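Visitor: What follows is target-v5.cif, mmCIF, C-alpha atoms.
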data_query
loop_
_atom_site.group_PDB
_atom_site.id
_atom_site.type_symbol
_atom_site.label_atom_id
_atom_site.label_comp_id
_atom_site.auth_asym_id
_atom_site.auth_seq_id
_atom_site.Cartn_x
_atom_site.Cartn_y
_atom_site.Cartn_z
ATOM 1 C CA MET T 1 -2.652 -14.128 18.656
ATOM 2 C CA ASN T 2 -4.701 -16.519 16.535
ATOM 3 C CA LYS T 3 -3.593 -17.676 13.088
ATOM 4 C CA SER T 4 -6.124 -15.705 11.044
ATOM 5 C CA TYR T 5 -5.381 -12.493 12.940
ATOM 6 C CA ARG T 6 -1.653 -12.941 12.277
ATOM 7 C CA LYS T 7 -2.395 -13.442 8.603
ATOM 8 C CA LEU T 8 -4.504 -10.270 8.529
ATOM 9 C CA ILE T 9 -1.755 -8.240 10.183
ATOM 10 C CA LEU T 10 0.874 -9.631 7.857
ATOM 11 C CA THR T 11 -1.279 -8.863 4.834
ATOM 12 C CA LEU T 12 -1.824 -5.292 5.998
ATOM 13 C CA ILE T 13 1.855 -4.742 6.674
ATOM 14 C CA ILE T 14 2.608 -5.783 3.123
ATOM 15 C CA LEU T 15 0.364 -2.924 1.956
ATOM 16 C CA SER T 16 -0.858 0.022 -0.882
ATOM 17 C CA GLY T 17 0.333 -0.872 -1.877
ATOM 18 C CA VAL T 18 4.230 -1.624 -0.227
ATOM 19 C CA ILE T 19 5.890 -4.972 -0.542
ATOM 20 C CA PHE T 20 9.050 -5.400 1.411
ATOM 21 C CA PHE T 21 12.054 -6.863 -0.380
ATOM 22 C CA TYR T 22 15.608 -6.737 0.838
ATOM 23 C CA VAL T 23 18.680 -6.519 -1.279
ATOM 24 C CA PHE T 24 21.216 -9.058 -0.042
ATOM 25 C CA PRO T 25 24.647 -7.595 0.799
ATOM 26 C CA HIS T 26 26.328 -9.393 -2.116
ATOM 27 C CA GLN T 27 24.130 -7.655 -4.691
ATOM 28 C CA LYS T 28 25.367 -4.472 -6.345
ATOM 29 C CA ALA T 29 23.464 -1.254 -5.879
ATOM 30 C CA ALA T 30 21.845 0.079 -8.992
ATOM 31 C CA GLU T 31 24.162 2.318 -10.994
ATOM 32 C CA ALA T 32 21.414 4.623 -12.104
ATOM 33 C CA ILE T 33 20.011 6.948 -9.520
ATOM 34 C CA ILE T 34 16.278 6.477 -9.410
ATOM 35 C CA THR T 35 14.400 9.462 -8.122
ATOM 36 C CA PRO T 36 10.712 9.438 -7.394
ATOM 37 C CA SER T 37 8.585 11.383 -9.826
ATOM 38 C CA LYS T 38 6.374 14.149 -8.548
ATOM 39 C CA ASP T 39 3.293 12.853 -6.825
ATOM 40 C CA LYS T 40 0.713 12.316 -9.548
ATOM 41 C CA THR T 41 -2.099 11.018 -7.383
ATOM 42 C CA GLU T 42 -4.307 13.969 -8.271
ATOM 43 C CA SER T 43 -4.313 12.853 -11.922
ATOM 44 C CA ILE T 44 -5.111 9.184 -11.252
ATOM 45 C CA GLN T 45 -8.126 8.062 -13.257
ATOM 46 C CA ILE T 46 -10.590 5.606 -11.758
ATOM 47 C CA THR T 47 -11.157 2.790 -14.241
ATOM 48 C CA GLY T 48 -12.889 -0.578 -14.229
ATOM 49 C CA ARG T 49 -16.325 -1.817 -13.240
ATOM 50 C CA ILE T 50 -17.622 1.275 -11.498
ATOM 51 C CA THR T 51 -21.195 1.087 -10.239
ATOM 52 C CA ASP T 52 -20.922 3.893 -7.662
ATOM 53 C CA GLN T 53 -18.614 6.748 -8.688
ATOM 54 C CA LYS T 54 -18.786 8.426 -5.252
ATOM 55 C CA ALA T 55 -17.698 5.237 -3.449
ATOM 56 C CA ALA T 56 -14.921 4.627 -5.980
ATOM 57 C CA LYS T 57 -13.640 8.174 -5.453
ATOM 58 C CA ALA T 58 -13.728 7.623 -1.676
ATOM 59 C CA GLY T 59 -11.654 4.458 -2.173
ATOM 60 C CA LEU T 60 -9.121 6.336 -4.297
ATOM 61 C CA THR T 61 -8.883 9.076 -1.676
ATOM 62 C CA LEU T 62 -8.390 6.475 1.061
ATOM 63 C CA LEU T 63 -5.579 4.740 -0.805
ATOM 64 C CA GLN T 64 -3.926 8.095 -1.494
ATOM 65 C CA GLN T 65 -4.131 8.924 2.224
ATOM 66 C CA ASN T 66 -2.600 5.542 3.058
ATOM 67 C CA LEU T 67 0.364 6.083 0.736
ATOM 68 C CA GLN T 68 0.823 9.706 1.850
ATOM 69 C CA ALA T 69 0.920 8.538 5.480
ATOM 70 C CA ALA T 70 3.548 5.956 4.534
ATOM 71 C CA ASN T 71 5.586 8.658 2.761
ATOM 72 C CA ALA T 72 5.350 10.879 5.850
ATOM 73 C CA LYS T 73 6.185 7.927 8.136
ATOM 74 C CA ASP T 74 2.999 8.707 10.066
ATOM 75 C CA SER T 75 1.970 5.365 11.549
ATOM 76 C CA THR T 76 -1.131 6.850 13.211
ATOM 77 C CA ALA T 77 -2.495 8.248 9.926
ATOM 78 C CA TYR T 78 -1.497 5.027 8.167
ATOM 79 C CA ALA T 79 -3.366 2.878 10.701
ATOM 80 C CA ASP T 80 -6.402 5.171 10.476
ATOM 81 C CA THR T 81 -6.904 4.030 6.865
ATOM 82 C CA LEU T 82 -7.336 0.419 8.050
ATOM 83 C CA ILE T 83 -10.183 -1.431 9.716
ATOM 84 C CA LYS T 84 -10.301 -0.937 13.498
ATOM 85 C CA LYS T 85 -9.347 -4.542 14.264
ATOM 86 C CA ALA T 86 -5.975 -4.101 12.545
ATOM 87 C CA GLN T 87 -5.036 -0.579 13.629
ATOM 88 C CA ALA T 88 -3.152 -1.111 16.914
ATOM 89 C CA ALA T 89 -0.991 -4.009 15.780
ATOM 90 C CA THR T 90 -0.280 -2.418 12.393
ATOM 91 C CA LYS T 91 0.691 0.906 13.991
ATOM 92 C CA LYS T 92 3.194 -0.888 16.202
ATOM 93 C CA GLU T 93 4.729 -2.733 13.242
ATOM 94 C CA MET T 94 4.808 0.356 11.039
ATOM 95 C CA ASP T 95 6.578 2.370 13.772
ATOM 96 C CA LYS T 96 9.412 -0.170 13.569
ATOM 97 C CA PHE T 97 9.386 -0.231 9.776
ATOM 98 C CA PHE T 98 9.354 3.575 9.417
ATOM 99 C CA ALA T 99 12.279 3.840 11.849
ATOM 100 C CA SER T 100 14.376 1.650 9.539
ATOM 101 C CA TYR T 101 13.355 2.643 6.020
ATOM 102 C CA ASP T 102 12.867 5.856 4.074
ATOM 103 C CA LEU T 103 10.674 5.014 1.091
ATOM 104 C CA HIS T 104 8.579 7.013 -1.325
ATOM 105 C CA HIS T 105 5.337 5.454 -2.552
ATOM 106 C CA GLU T 106 3.423 6.623 -5.596
ATOM 107 C CA LEU T 107 0.055 5.453 -6.846
ATOM 108 C CA LEU T 108 0.164 4.818 -10.604
ATOM 109 C CA SER T 109 -3.290 3.361 -11.331
ATOM 110 C CA PHE T 110 -6.599 2.562 -9.631
ATOM 111 C CA GLU T 111 -8.997 0.023 -11.160
ATOM 112 C CA VAL T 112 -12.303 -1.119 -9.674
ATOM 113 C CA ILE T 113 -12.520 -4.906 -10.027
ATOM 114 C CA LYS T 114 -15.714 -5.464 -8.054
ATOM 115 C CA GLN T 115 -17.956 -2.952 -6.344
ATOM 116 C CA GLU T 116 -20.820 -3.570 -3.936
ATOM 117 C CA GLN T 117 -22.634 -1.347 -1.470
ATOM 118 C CA ASN T 118 -20.335 -2.107 1.472
ATOM 119 C CA GLN T 119 -17.161 -3.434 -0.154
ATOM 120 C CA MET T 120 -14.897 -2.913 -3.151
ATOM 121 C CA VAL T 121 -12.036 -4.850 -4.662
ATOM 122 C CA ILE T 122 -9.447 -2.571 -6.223
ATOM 123 C CA LYS T 123 -6.392 -3.325 -8.335
ATOM 124 C CA ALA T 124 -3.759 -0.645 -7.978
ATOM 125 C CA GLN T 125 -0.314 -0.226 -9.400
ATOM 126 C CA GLN T 126 2.114 1.339 -6.930
ATOM 127 C CA LYS T 127 5.729 2.471 -7.267
ATOM 128 C CA THR T 128 8.101 2.309 -4.294
ATOM 129 C CA ILE T 129 11.502 4.005 -4.330
ATOM 130 C CA ASN T 130 14.155 3.728 -1.622
ATOM 131 C CA GLN T 131 15.372 7.141 -0.487
ATOM 132 C CA GLY T 132 17.299 5.937 2.548
ATOM 133 C CA LYS T 133 20.534 4.222 3.435
ATOM 134 C CA GLU T 134 19.084 0.813 4.299
ATOM 135 C CA LYS T 135 19.065 -1.605 1.381
ATOM 136 C CA TYR T 136 15.652 -1.976 -0.230
ATOM 137 C CA ARG T 137 14.759 -2.803 -3.839
ATOM 138 C CA ASN T 138 12.866 -0.224 -5.868
ATOM 139 C CA HIS T 139 9.844 -1.725 -7.556
ATOM 140 C CA ILE T 140 6.456 -1.329 -9.148
ATOM 141 C CA SER T 141 3.875 -3.669 -7.705
ATOM 142 C CA GLU T 142 0.295 -4.604 -8.404
ATOM 143 C CA ALA T 143 -1.799 -4.685 -5.253
ATOM 144 C CA ARG T 144 -5.337 -5.925 -4.763
ATOM 145 C CA HIS T 145 -7.062 -4.069 -1.955
ATOM 146 C CA LEU T 146 -10.304 -5.022 -0.252
ATOM 147 C CA PHE T 147 -12.092 -1.922 1.012
ATOM 148 C CA VAL T 148 -15.043 -2.273 3.372
ATOM 149 C CA LYS T 149 -17.421 0.191 4.926
ATOM 150 C CA GLU T 150 -16.900 0.411 8.671
ATOM 151 C CA ASP T 151 -19.020 2.812 10.710
ATOM 152 C CA GLY T 152 -20.012 4.605 7.504
ATOM 153 C CA SER T 153 -16.445 5.157 6.231
ATOM 154 C CA TRP T 154 -14.365 3.199 3.758
ATOM 155 C CA LYS T 155 -11.382 1.353 5.268
ATOM 156 C CA ILE T 156 -8.756 -1.042 3.953
ATOM 157 C CA LYS T 157 -9.421 -4.555 5.221
ATOM 158 C CA GLU T 158 -6.917 -6.576 3.232
ATOM 159 C CA THR T 159 -4.145 -6.147 0.690
ATOM 160 C CA ASN T 160 -2.517 -8.814 -1.463
ATOM 161 C CA MET T 161 0.431 -8.186 -3.716
ATOM 162 C CA ALA T 162 -0.134 -9.868 -7.063
ATOM 163 C CA ASP T 163 2.942 -8.877 -9.067
ATOM 164 C CA THR T 164 6.217 -7.057 -8.406
ATOM 165 C CA ASN T 165 8.661 -5.773 -10.995
ATOM 166 C CA PHE T 166 12.016 -4.562 -9.720
ATOM 167 C CA ILE T 167 13.262 -1.374 -11.337
ATOM 168 C CA ASP T 168 16.820 -1.383 -10.077
#
Just dump the structure as structure tokens.

Guide:
Amino acid sequence: MNKSYRKLILTLIILSGVIFFYVFPHQKAAEAIITPSKDKTESIQITGRITDQKAAKAGLTLLQQNLQAANAKDSTAYADTLIKKAQAATKKEMDKFFASYDLHHELLSFEVIKQEQNQMVIKAQQKTINQGKEKYRNHISEARHLFVKEDGSWKIKETNMADTNFID
């Protein structure tokens, strides 16, 4: 596997907006029980520099599908939200990840940073809550997603986590 392809896969695994942090065994578990709020993705407002409302809505729908697939531990549906080049390798990695962790992801905000005919840069705030037994830190993260049009449909090409705030 070449270096740039590895970087792409790693970036996609980090997605949606999911950043993987482990709690070291010597750290105490949070005393407060943090439960995920009801899924509010239907009420998410699209903000930012919108030049094409229909494309922005398609991007929001795609990101919601990505997070719902992660919540359902459906690696096939998750990979389907990504560009073709990244699907097989990401599916394989997500199968392993989903077997180990039980997380709930919630989209909190969706802002268009840059929008062109065949690509969009989106800033999204995402909340991730551990619902399983494996140690994992609950957090709210800011993710920057690059969406591109591939065969007439919007797909996630790249995700970079810009900021993470632990909530436990």

Visitor: With all atoms listed in the file as the basis for distance, which of T:Phe110, T:Tyr101, T:Phe147, T:Tyr78 is at the shortest distance from Gly132 in chain T?

Guide: T:Tyr101

Visitor: Out of T:Arg137, T:Lys84, T:Arg49, T:Lys114, which residue has the shortest atom-to-atom distance to Asp102 in chain T when counting all atoms listed in the file?

Guide: T:Arg137

Visitor: Hey, can you check how far CA of Leu103 in chain T sits from CA of Ala55 in chain T?

Guide: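 That distance, rounded to one decimal, is 28.7 Å.
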
Visitor: Per residue of range 77-134 of chain T within 9 Å of range 57-65 of chain T, note the shortest atom pair and the distance in Å to one decimal, counting all atoms listed in the file, and order the rows by chain and increasing residue number, as CSV.

Guide:
residue,atom,partner,partner_atom,distance
T:Ala77,CA,T:Gln65,CA,7.9
T:Tyr78,CA,T:Gln65,CA,7.6
T:Thr81,CA,T:Leu62,CA,6.5
T:Glu106,CA,T:Gln64,CA,8.5
T:Leu107,CA,T:Gln64,CA,7.2
T:Phe110,CA,T:Leu60,CA,7.0
T:Met120,CA,T:Gly59,CA,8.1
T:Ile122,CA,T:Gly59,CA,8.4

Visitor: Closest to Thr51 in chain T among T:Ile167, T:Met161, T:Ile140, T:Ile113, using all atoms listed in the file?

Guide: T:Ile113

Visitor: Using only C-alpha atoms, which residue out of T:Asn71, T:Ile50, T:Phe166, T:Lys155 lies closest to Gln87 in chain T?

Guide: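 With only C-alpha atoms as the atom set, the closest residue is T:Lys155.
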
Visitor: Using only C-alpha atoms for the distances, tell me which of T:Phe97, T:Ser109, T:Ala70, T:Ser75 is nearest to Ser43 in chain T.

Guide: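 Ranked by minimum distance to Ser43 in chain T, first place goes to T:Ser109.
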
Visitor: Please indicate the distance in Å from CA of Lys127 in chain T to CA of Leu108 in chain T, rounded to one decimal place.

Guide: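 Between CA of Lys127 in chain T and CA of Leu108 in chain T the gap works out to 6.9 Å.
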
Visitor: With all atoms listed in the file counted, which protein, DNA or RNA residues have an atom no more than 9 Å from (1.7, -1.1, 13.2) in the file frame? Please answer as a list in words.

Guide: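 Checking each residue against the 9 Å limit leaves Ile9, Ile13, Ser75, Thr76, Tyr78, Ala79, Ala86, Gln87, Ala88, Ala89, Thr90, Lys91, Lys92, Glu93, Met94, Asp95, Lys96 and Phe97 of chain T.
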
Visitor: Please, what distance in Å, to one decimal, runs between CA of Phe98 in chain T and CA of Asp80 in chain T?

Guide: 15.9 Å

Visitor: Just checking: using all atoms listed in the file, which residue out of T:Lys73, T:Lys85, T:Lys54, T:His104 ends up closest to Tyr136 in chain T?

Guide: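 The closest residue to Tyr136 in chain T is T:His104.
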
Visitor: Once the PyMOL selection byres ((chain T and resi 118) around 9) has been applied to the shown file, what residues remain in the selection, as number ranges by chain?

Guide: T: 115-117, 119-120, 147-150, 154

Visitor: When you look at Ala162 in chain T with a cut-off of 8 Å (counting only C-alpha atoms), what residues show up, excluding the ones that are within fewer than 6 positions of it in the same chain? I need them as a PyMOL selection string.

Guide: chain T and resi 141-144
